[in-house]
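Reading through the C-alpha cells given below for one structure.
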Amino acid sequence: MSYTVFARKYRPQTFEALAGQEHVARTLSNAIESNRVAHAFLFTGVRGVGKTTAARILAKALCCERGPTPTPCNECDRCRDITAGVDVDVQEIDGASNNGVDDVRRLQETLPFAPARGKLKIVIVDEVHMLSTGAFNAFLKTLEEPPAHVKFIFATTEVHKVPVTIRSRCQRYDFRLIPQPVIAERVREILAVEAVDADDEAIDIVSAEAAGSMRDALTLLDQLVALAGERLVGSEVVRALGIASRGALRGLLAATLEGDAAAVLEAVRALYDQGADIRHLTAQLLSYARDLVVLRVTGDESALVDLVPEERRAAAELAAQVDAPELQRTFAMLSKLADEVTVSASPDIVLEMGLVRLASRPRLREVSALIADLEALRAQLGGDGPTGGGPSRGGSPPRGERRRDGGRPSPAAPSR
C-alpha cells in the first residue's frame, strides 16, 4: 500500500496557497496578468520554503488550458500532468546529478523544437548551484537569447555559488524563512483534515523546530502523528524529538539567574537522561535567553517573540525579575558557551560547568543603585560635602593664599 507523506500530500497548488511567500506570489501573478513574464527566473532560499513548489505553480499558470492565468485550474489535463510530473513540455532536472557540459548540451538540442502540447516549454533546474563551471558557461548564450517559446526556472539554496553571469540573466526571487505563526496555522489546518487532536504546546514545538521550513514542519508532523495516533501532546513530542520543553528551558534559566548551581546541575542531568541532544539543548537555551531579553526590553506583547500565550506570560514574569543588563550579560555568556559546546568532545561536561560558572558569577548592579550607595556612604562619613567651586575639606587653598600653618603664599605670575 502506497502512502503519500504530508509534505507531498499538502503541497500548495496555487500562488494563493504559497504560505509565507506573498511577495513572490504577488509579483509572479502580476507579471502573468500584465504579460511581462521573463524568460529566466532564479528562486533562492533555504530548504523547504517553497522554491520548487513555486516553480511548478508558475509552470501550471503559464501552461494551463485556461491561461496563462495567475490561478491555474488544477483540473485540466495540462495542470494534472504538470502536478504528476509527466508533462512532456515541462522538464524538471536535478542539477546535482545532471551537472555536466554534456547534460546541458543535450538539453539545448531539444530547445529549438516547438512544444508538443502548448505554446511554451518550461525547464526547471533544481539545485542549480551544483552545475559545473563548464555547464554554467554552456548555458550563457542560451540564457542571453533563448527561443521565444522557452522559459527557465532555476532553484537553489546557495545562490552565492551561481556565477554572476548567470544571475545577471535571470529575475531573482528571494524566498524568506516562513514565520512560526504561519507554520503553526498550517499545522493546525492539516491536523484538522487528518482528524488528529493536538495541544498548543505540541504545535508550538513542531513550528519552532521547523526553523522557518514548512517542509521540515510537515515531515516532523508526519512522524509525530504516526507515533501519537489521534492525540498529540507536548510531552510526547519532547520525548520523541529529544529536545527540551519550554518549561524545562525556563526552569533551567531561572535556576541559573537565581545562582542555584545545584539546581542547574540537576536540571541538565535530567534533560540529558531524557535523551536531549546537548548541542541542540544549548542552542535552545540561547534562543530562550534571547526571548527573555526581548521581552524585558520591548514588553510582554512584543511581536518579536514567537511563544504561545501561556508560555509568553511565564517568560515575561521571569524576565521582569532580572535587570536588562544582567539578562544581556547572561545571553553573551551563553553565546560563548554555545561556541565551546559545539567544538568540544565532551559537550555535556562543558555545558554543565559553563552553566555552573554562569550561576556562580557576581551579579551586576544598576548604576543608579551604585550612585545611591555612594550618596549614603558620603552621608555616613560626614554629611554632604560642598559641591561648588570652593576647596574641599583638607584640600589645597587657592593660589596666592597664605596657608594656615604659616607657610608663604605661592608667588603670583610675573607681569609682562
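A note on labels: chains of the C-alpha cells are A, B, ... as shown, every chain counts residues from 1, and ligands are counted from 1 in their shown order.
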
Neighbour list for Arg188 of chain A as a PyMOL selection string, cut-off 10 Å, only C-alpha atoms, skip fewer than 6 positions in-chain: chain A and resi 194+196-200+203

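Within the 12 Å cut-off around Leu265 of chain A, using only C-alpha atoms and omitting residues fewer than 4 positions from it on the same chain, the listed residues are Gly251, Leu252, Leu253, Ala255, Thr256, Gly259, Asp260, Ala261, Arg269, Ala270, Leu271, Tyr272, Asp348, Ile349, Val350, Leu351, Glu352, Met353, Gly354, Leu355, Val356, Arg357, Leu358 and Ala359 of chain A.
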
Residues flagged helix (DSSP H, G or I) by DSSP in segment 17-100 of chain A, as a PyMOL selection string: chain A and resi 17+22-33+51-63+77-84

Store the residues picked out above in a file with N, CA and C atoms, as a short mmCIF file (atom, residue, chain, number, x, y, z; two decimals), in the first residue's frame.
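Just written: result.cif:
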```
data_model
loop_
_atom_site.label_atom_id
_atom_site.label_comp_id
_atom_site.auth_asym_id
_atom_site.auth_seq_id
_atom_site.Cartn_x
_atom_site.Cartn_y
_atom_site.Cartn_z
N ALA A 17 -1.98 29.73 -2.13
CA ALA A 17 -1.72 28.78 -1.04
C ALA A 17 -0.25 28.73 -0.65
N GLU A 22 4.28 35.71 0.18
CA GLU A 22 3.30 36.55 -0.50
C GLU A 22 3.96 37.51 -1.50
N HIS A 23 5.17 37.98 -1.20
CA HIS A 23 5.85 38.91 -2.11
C HIS A 23 6.17 38.24 -3.44
N VAL A 24 6.56 36.97 -3.39
CA VAL A 24 6.84 36.22 -4.62
C VAL A 24 5.55 35.95 -5.38
N ALA A 25 4.54 35.47 -4.67
CA ALA A 25 3.27 35.13 -5.32
C ALA A 25 2.65 36.35 -5.99
N ARG A 26 2.68 37.50 -5.31
CA ARG A 26 2.07 38.70 -5.87
C ARG A 26 2.82 39.17 -7.12
N THR A 27 4.15 39.15 -7.07
CA THR A 27 4.94 39.61 -8.21
C THR A 27 4.73 38.72 -9.43
N LEU A 28 4.78 37.40 -9.23
CA LEU A 28 4.60 36.48 -10.35
C LEU A 28 3.18 36.58 -10.91
N SER A 29 2.19 36.72 -10.04
CA SER A 29 0.80 36.84 -10.51
C SER A 29 0.62 38.11 -11.35
N ASN A 30 1.19 39.22 -10.88
CA ASN A 30 1.08 40.47 -11.64
C ASN A 30 1.80 40.37 -12.98
N ALA A 31 2.95 39.68 -12.99
CA ALA A 31 3.69 39.52 -14.24
C ALA A 31 2.88 38.73 -15.27
N ILE A 32 2.19 37.69 -14.81
CA ILE A 32 1.37 36.89 -15.72
C ILE A 32 0.18 37.70 -16.23
N GLU A 33 -0.48 38.43 -15.33
CA GLU A 33 -1.65 39.21 -15.73
C GLU A 33 -1.29 40.31 -16.73
N LYS A 51 10.48 26.89 -3.00
CA LYS A 51 11.08 27.26 -4.29
C LYS A 51 10.60 26.34 -5.42
N THR A 52 10.77 25.04 -5.24
CA THR A 52 10.35 24.10 -6.28
C THR A 52 8.84 24.12 -6.44
N THR A 53 8.13 24.26 -5.34
CA THR A 53 6.67 24.35 -5.41
C THR A 53 6.24 25.55 -6.24
N ALA A 54 6.88 26.70 -6.01
CA ALA A 54 6.55 27.91 -6.77
C ALA A 54 6.88 27.73 -8.25
N ALA A 55 7.98 27.02 -8.53
CA ALA A 55 8.35 26.77 -9.93
C ALA A 55 7.27 25.95 -10.63
N ARG A 56 6.74 24.94 -9.96
CA ARG A 56 5.69 24.11 -10.56
C ARG A 56 4.39 24.89 -10.72
N ILE A 57 4.07 25.72 -9.74
CA ILE A 57 2.86 26.53 -9.86
C ILE A 57 2.99 27.50 -11.03
N LEU A 58 4.18 28.10 -11.18
CA LEU A 58 4.40 29.01 -12.31
C LEU A 58 4.27 28.27 -13.63
N ALA A 59 4.80 27.06 -13.69
CA ALA A 59 4.67 26.27 -14.92
C ALA A 59 3.21 26.00 -15.24
N LYS A 60 2.41 25.65 -14.23
CA LYS A 60 0.98 25.41 -14.46
C LYS A 60 0.27 26.70 -14.86
N ALA A 61 0.64 27.80 -14.23
CA ALA A 61 -0.01 29.07 -14.55
C ALA A 61 0.23 29.47 -16.01
N LEU A 62 1.41 29.15 -16.54
CA LEU A 62 1.73 29.51 -17.92
C LEU A 62 1.17 28.52 -18.93
N CYS A 63 0.98 27.27 -18.51
CA CYS A 63 0.58 26.21 -19.45
C CYS A 63 -0.87 25.78 -19.30
N ASP A 77 -6.05 18.79 -18.24
CA ASP A 77 -5.03 17.75 -18.44
C ASP A 77 -3.63 18.30 -18.22
N ARG A 78 -3.38 19.52 -18.69
CA ARG A 78 -2.03 20.10 -18.53
C ARG A 78 -1.69 20.28 -17.06
N CYS A 79 -2.60 20.84 -16.29
CA CYS A 79 -2.34 21.06 -14.86
C CYS A 79 -2.11 19.74 -14.14
N ARG A 80 -2.95 18.76 -14.42
CA ARG A 80 -2.80 17.47 -13.75
C ARG A 80 -1.49 16.79 -14.13
N ASP A 81 -1.10 16.89 -15.39
CA ASP A 81 0.15 16.26 -15.83
C ASP A 81 1.37 16.96 -15.22
N ILE A 82 1.33 18.28 -15.13
CA ILE A 82 2.45 19.00 -14.51
C ILE A 82 2.55 18.65 -13.03
N THR A 83 1.41 18.56 -12.36
CA THR A 83 1.42 18.17 -10.95
C THR A 83 2.00 16.77 -10.78
N ALA A 84 1.67 15.87 -11.70
CA ALA A 84 2.17 14.49 -11.62
C ALA A 84 3.60 14.36 -12.14
#
```

Per-residue DSSP, segment 34-205 of chain A, filtered to strand (DSSP E or B), as number ranges by chain: A: 40-44, 90-94, 121-126, 150-156, 171-174, 197-198

Store the residues of this selection in a file with N, CA and C atoms, as an mmCIF file, in the first residue's frame.
```cif
data_model
loop_
_atom_site.group_PDB
_atom_site.id
_atom_site.type_symbol
_atom_site.label_atom_id
_atom_site.label_comp_id
_atom_site.auth_asym_id
_atom_site.auth_seq_id
_atom_site.Cartn_x
_atom_site.Cartn_y
_atom_site.Cartn_z
ATOM 1 N N ALA A 40 13.740 33.890 -17.823
ATOM 2 C CA ALA A 40 14.519 33.096 -16.867
ATOM 3 C C ALA A 40 14.303 33.634 -15.458
ATOM 4 N N PHE A 41 14.113 32.711 -14.516
ATOM 5 C CA PHE A 41 13.890 33.052 -13.110
ATOM 6 C C PHE A 41 14.905 32.305 -12.255
ATOM 7 N N LEU A 42 15.311 32.960 -11.163
ATOM 8 C CA LEU A 42 16.201 32.328 -10.189
ATOM 9 C C LEU A 42 15.537 32.423 -8.823
ATOM 10 N N PHE A 43 15.103 31.278 -8.291
ATOM 11 C CA PHE A 43 14.469 31.214 -6.976
ATOM 12 C C PHE A 43 15.515 30.772 -5.960
ATOM 13 N N THR A 44 15.706 31.571 -4.919
ATOM 14 C CA THR A 44 16.725 31.243 -3.924
ATOM 15 C C THR A 44 16.157 31.343 -2.515
ATOM 16 N N VAL A 90 7.225 20.210 -19.881
ATOM 17 C CA VAL A 90 7.765 20.744 -18.625
ATOM 18 C C VAL A 90 8.804 19.756 -18.108
ATOM 19 N N GLN A 91 10.067 20.122 -18.238
ATOM 20 C CA GLN A 91 11.162 19.265 -17.798
ATOM 21 C C GLN A 91 11.671 19.743 -16.441
ATOM 22 N N GLU A 92 11.763 18.835 -15.507
ATOM 23 C CA GLU A 92 12.332 19.145 -14.193
ATOM 24 C C GLU A 92 13.630 18.362 -14.051
ATOM 25 N N ILE A 93 14.729 19.079 -13.931
ATOM 26 C CA ILE A 93 16.062 18.483 -13.950
ATOM 27 C C ILE A 93 16.718 18.665 -12.595
ATOM 28 N N ASP A 94 17.360 17.607 -12.107
ATOM 29 C CA ASP A 94 18.122 17.676 -10.859
ATOM 30 C C ASP A 94 19.536 18.132 -11.186
ATOM 31 N N LYS A 121 7.626 25.793 -23.581
ATOM 32 C CA LYS A 121 8.405 24.751 -22.917
ATOM 33 C C LYS A 121 8.960 25.349 -21.628
ATOM 34 N N ILE A 122 8.841 24.622 -20.551
ATOM 35 C CA ILE A 122 9.339 25.084 -19.254
ATOM 36 C C ILE A 122 10.457 24.150 -18.819
ATOM 37 N N VAL A 123 11.600 24.727 -18.446
ATOM 38 C CA VAL A 123 12.733 23.948 -17.944
ATOM 39 C C VAL A 123 12.990 24.369 -16.502
ATOM 40 N N ILE A 124 12.790 23.452 -15.562
ATOM 41 C CA ILE A 124 13.037 23.701 -14.138
ATOM 42 C C ILE A 124 14.312 22.968 -13.749
ATOM 43 N N VAL A 125 15.301 23.698 -13.263
ATOM 44 C CA VAL A 125 16.561 23.099 -12.815
ATOM 45 C C VAL A 125 16.667 23.298 -11.309
ATOM 46 N N ASP A 126 16.513 22.219 -10.561
ATOM 47 C CA ASP A 126 16.612 22.277 -9.099
ATOM 48 C C ASP A 126 18.070 22.134 -8.682
ATOM 49 N N VAL A 150 10.571 29.205 -24.796
ATOM 50 C CA VAL A 150 11.243 28.518 -23.683
ATOM 51 C C VAL A 150 11.335 29.446 -22.474
ATOM 52 N N LYS A 151 11.003 28.907 -21.308
ATOM 53 C CA LYS A 151 11.166 29.611 -20.033
ATOM 54 C C LYS A 151 12.021 28.748 -19.110
ATOM 55 N N PHE A 152 12.987 29.382 -18.446
ATOM 56 C CA PHE A 152 13.855 28.685 -17.497
ATOM 57 C C PHE A 152 13.494 29.108 -16.074
ATOM 58 N N ILE A 153 13.454 28.135 -15.173
ATOM 59 C CA ILE A 153 13.253 28.413 -13.747
ATOM 60 C C ILE A 153 14.329 27.663 -12.976
ATOM 61 N N PHE A 154 15.233 28.399 -12.349
ATOM 62 C CA PHE A 154 16.314 27.810 -11.563
ATOM 63 C C PHE A 154 15.988 27.942 -10.079
ATOM 64 N N ALA A 155 16.299 26.916 -9.309
ATOM 65 C CA ALA A 155 16.095 26.942 -7.858
ATOM 66 C C ALA A 155 17.396 26.556 -7.174
ATOM 67 N N THR A 156 17.731 27.267 -6.105
ATOM 68 C CA THR A 156 18.986 26.990 -5.401
ATOM 69 C C THR A 156 18.890 27.395 -3.937
ATOM 70 N N GLN A 171 15.688 36.860 -13.536
ATOM 71 C CA GLN A 171 14.977 37.598 -12.496
ATOM 72 C C GLN A 171 15.103 36.809 -11.202
ATOM 73 N N ARG A 172 15.617 37.464 -10.169
ATOM 74 C CA ARG A 172 15.883 36.770 -8.905
ATOM 75 C C ARG A 172 14.740 37.001 -7.915
ATOM 76 N N TYR A 173 14.314 35.907 -7.273
ATOM 77 C CA TYR A 173 13.280 35.959 -6.237
ATOM 78 C C TYR A 173 13.823 35.289 -4.978
ATOM 79 N N ASP A 174 13.891 36.056 -3.900
ATOM 80 C CA ASP A 174 14.406 35.535 -2.637
ATOM 81 C C ASP A 174 13.245 35.049 -1.771
ATOM 82 N N ASP A 197 -6.137 15.408 17.098
ATOM 83 C CA ASP A 197 -6.208 16.456 18.110
ATOM 84 C C ASP A 197 -4.798 16.737 18.622
ATOM 85 N N ALA A 198 -4.500 17.995 18.917
ATOM 86 C CA ALA A 198 -3.170 18.368 19.408
ATOM 87 C C ALA A 198 -3.292 19.572 20.322
#
```

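Each of A:Ala226, A:Met333, A:Ala372, A:Ala320 was checked against Phe6 of chain A using only C-alpha atoms; the smallest atom-to-atom distance is that of A:Ala226.
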
Write out as JSON lines the residues of segment 160-272 of chain A that have any atom within 9 Å of an atom of segment 291-307 of chain A, one row each with the nearest atom pair and its distance in Å to one decimal, counting only C-alpha atoms, sorted by chain and then rising number.
```
{"residue": "A:Pro179", "atom": "CA", "partner": "A:Asp306", "partner_atom": "CA", "distance": 8.7}
{"residue": "A:Gln180", "atom": "CA", "partner": "A:Asp306", "partner_atom": "CA", "distance": 6.6}
{"residue": "A:Pro181", "atom": "CA", "partner": "A:Asp306", "partner_atom": "CA", "distance": 7.2}
{"residue": "A:Asp204", "atom": "CA", "partner": "A:Leu307", "partner_atom": "CA", "distance": 7.4}
{"residue": "A:Ala208", "atom": "CA", "partner": "A:Asp306", "partner_atom": "CA", "distance": 8.3}
```

Which residues come within 12 Å of Leu131 of chain A, counting only C-alpha atoms, excluding same-chain residues fewer than 3 positions away, as a PDB file with C-alpha atoms, in the first residue's frame?
```pdb
ATOM      1  CA  ILE A  93      16.062  18.483 -13.950  1.00  0.00           C
ATOM      2  CA  ASP A  94      18.122  17.676 -10.859  1.00  0.00           C
ATOM      3  CA  GLY A  95      21.185  19.877 -11.079  1.00  0.00           C
ATOM      4  CA  ALA A  96      23.094  17.680  -8.636  1.00  0.00           C
ATOM      5  CA  SER A  97      23.028  14.595 -10.884  1.00  0.00           C
ATOM      6  CA  ASN A  98      22.872  16.286 -14.311  1.00  0.00           C
ATOM      7  CA  ASN A  99      25.607  18.824 -13.792  1.00  0.00           C
ATOM      8  CA  GLY A 100      28.000  18.352 -16.711  1.00  0.00           C
ATOM      9  CA  VAL A 101      28.531  20.129 -20.019  1.00  0.00           C
ATOM     10  CA  ASP A 102      27.139  17.167 -21.948  1.00  0.00           C
ATOM     11  CA  ASP A 103      23.915  17.257 -19.917  1.00  0.00           C
ATOM     12  CA  VAL A 104      23.396  20.927 -20.757  1.00  0.00           C
ATOM     13  CA  VAL A 125      16.561  23.099 -12.815  1.00  0.00           C
ATOM     14  CA  ASP A 126      16.612  22.277  -9.099  1.00  0.00           C
ATOM     15  CA  GLU A 127      19.821  22.763  -7.073  1.00  0.00           C
ATOM     16  CA  VAL A 128      21.272  24.720  -9.976  1.00  0.00           C
ATOM     17  CA  GLY A 134      31.589  24.284 -17.883  1.00  0.00           C
ATOM     18  CA  ALA A 135      27.856  23.609 -17.647  1.00  0.00           C
ATOM     19  CA  PHE A 136      27.194  27.165 -16.500  1.00  0.00           C
ATOM     20  CA  ASN A 137      29.274  28.531 -19.360  1.00  0.00           C
ATOM     21  CA  ALA A 138      27.338  26.380 -21.813  1.00  0.00           C
ATOM     22  CA  PHE A 139      24.120  27.951 -20.533  1.00  0.00           C
ATOM     23  CA  PHE A 154      16.314  27.810 -11.563  1.00  0.00           C
ATOM     24  CA  ALA A 155      16.095  26.942  -7.858  1.00  0.00           C
ATOM     25  CA  THR A 156      18.986  26.990  -5.401  1.00  0.00           C
ATOM     26  CA  GLU A 158      23.230  28.550  -2.275  1.00  0.00           C
ATOM     27  CA  LYS A 161      27.669  29.582  -5.878  1.00  0.00           C
ATOM     28  CA  VAL A 162      25.790  30.584  -9.019  1.00  0.00           C
ATOM     29  CA  PRO A 163      28.079  32.648 -11.296  1.00  0.00           C
ATOM     30  CA  ILE A 166      24.056  33.536 -14.798  1.00  0.00           C
TER      31      ILE A 166
END
```

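The nearest approach to Arg329 of chain A among the residues A:Lys141, A:Arg66, A:Lys9, A:Arg361, with only C-alpha atoms taken into account, belongs to A:Arg361.
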
Test item: residues at most 10 Å from Leu177 of chain A, only C-alpha atoms, excluding those fewer than 2 positions along its chain, as a ChimeraX atom specification: /A:20-21,45-50,174-175,179-180,211-214

Save out the residues we just selected, N, CA and C atoms, as a tab-separated table (two decimals), in the first residue's frame.
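Generated file (part_22.tsv):
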```
chain	number	residue	atom	x	y	z
A	20	GLY	N	3.69	32.16	3.43
A	20	GLY	CA	4.87	32.91	3.83
A	20	GLY	C	5.65	33.55	2.71
A	21	GLN	N	5.22	33.42	1.46
A	21	GLN	CA	5.96	33.98	0.31
A	21	GLN	C	5.04	34.88	-0.50
A	45	GLY	N	16.66	30.51	-1.62
A	45	GLY	CA	16.21	30.48	-0.23
A	45	GLY	C	16.62	29.17	0.41
A	46	VAL	N	16.43	29.06	1.72
A	46	VAL	CA	16.81	27.84	2.42
A	46	VAL	C	15.87	26.70	2.04
A	47	ARG	N	16.19	25.50	2.52
A	47	ARG	CA	15.40	24.33	2.14
A	47	ARG	C	13.99	24.42	2.71
A	48	GLY	N	13.06	23.92	1.93
A	48	GLY	CA	11.69	23.76	2.41
A	48	GLY	C	10.85	25.00	2.53
A	49	VAL	N	11.17	26.06	1.78
A	49	VAL	CA	10.37	27.29	1.88
A	49	VAL	C	9.49	27.53	0.65
A	50	GLY	N	9.53	26.61	-0.34
A	50	GLY	CA	8.59	26.71	-1.45
A	50	GLY	C	9.17	27.04	-2.80
A	174	ASP	N	13.89	36.06	-3.90
A	174	ASP	CA	14.41	35.53	-2.64
A	174	ASP	C	13.24	35.05	-1.77
A	175	PHE	N	13.27	33.77	-1.43
A	175	PHE	CA	12.23	33.17	-0.60
A	175	PHE	C	12.64	33.28	0.87
A	179	PRO	N	7.46	32.51	8.84
A	179	PRO	CA	7.28	32.83	10.27
A	179	PRO	C	6.63	31.67	11.03
A	180	GLN	N	7.01	31.54	12.29
A	180	GLN	CA	6.49	30.44	13.11
A	180	GLN	C	4.97	30.46	13.21
A	211	ALA	N	12.17	25.70	12.17
A	211	ALA	CA	13.14	26.77	11.90
A	211	ALA	C	12.87	27.47	10.56
A	212	GLY	N	11.60	27.77	10.31
A	212	GLY	CA	11.26	28.52	9.11
A	212	GLY	C	11.00	27.70	7.87
A	213	SER	N	11.11	26.37	7.96
A	213	SER	CA	10.91	25.50	6.80
A	213	SER	C	9.59	24.76	6.93
A	214	MET	N	8.68	25.00	6.00
A	214	MET	CA	7.39	24.32	6.04
A	214	MET	C	7.56	22.83	5.80
```

Distance query Ala228 of chain A at most 12 Å, only C-alpha atoms, self and fewer than 3 positions along chain excluded, as a CSV table (one decimal) with C-alpha atoms, in the first residue's frame:
```csv
chain,number,residue,atom,x,y,z
A,196,VAL,CA,-5.9,14.5,14.9
A,197,ASP,CA,-6.2,16.5,18.1
A,198,ALA,CA,-3.2,18.4,19.4
A,202,ALA,CA,2.8,20.3,20.6
A,221,LEU,CA,4.3,16.3,11.9
A,222,ASP,CA,4.1,13.1,9.8
A,223,GLN,CA,6.4,11.3,12.2
A,224,LEU,CA,4.6,12.5,15.3
A,225,VAL,CA,1.2,11.6,14.1
A,231,ARG,CA,-4.0,12.7,20.2
A,232,LEU,CA,-0.7,14.7,20.0
A,233,VAL,CA,0.6,16.2,23.3
A,234,GLY,CA,3.6,18.3,24.0
A,235,SER,CA,5.2,15.8,26.5
A,236,GLU,CA,5.3,13.1,23.9
A,237,VAL,CA,6.7,15.5,21.2
A,239,ARG,CA,10.5,12.8,24.2
A,240,ALA,CA,10.1,11.8,20.6
```
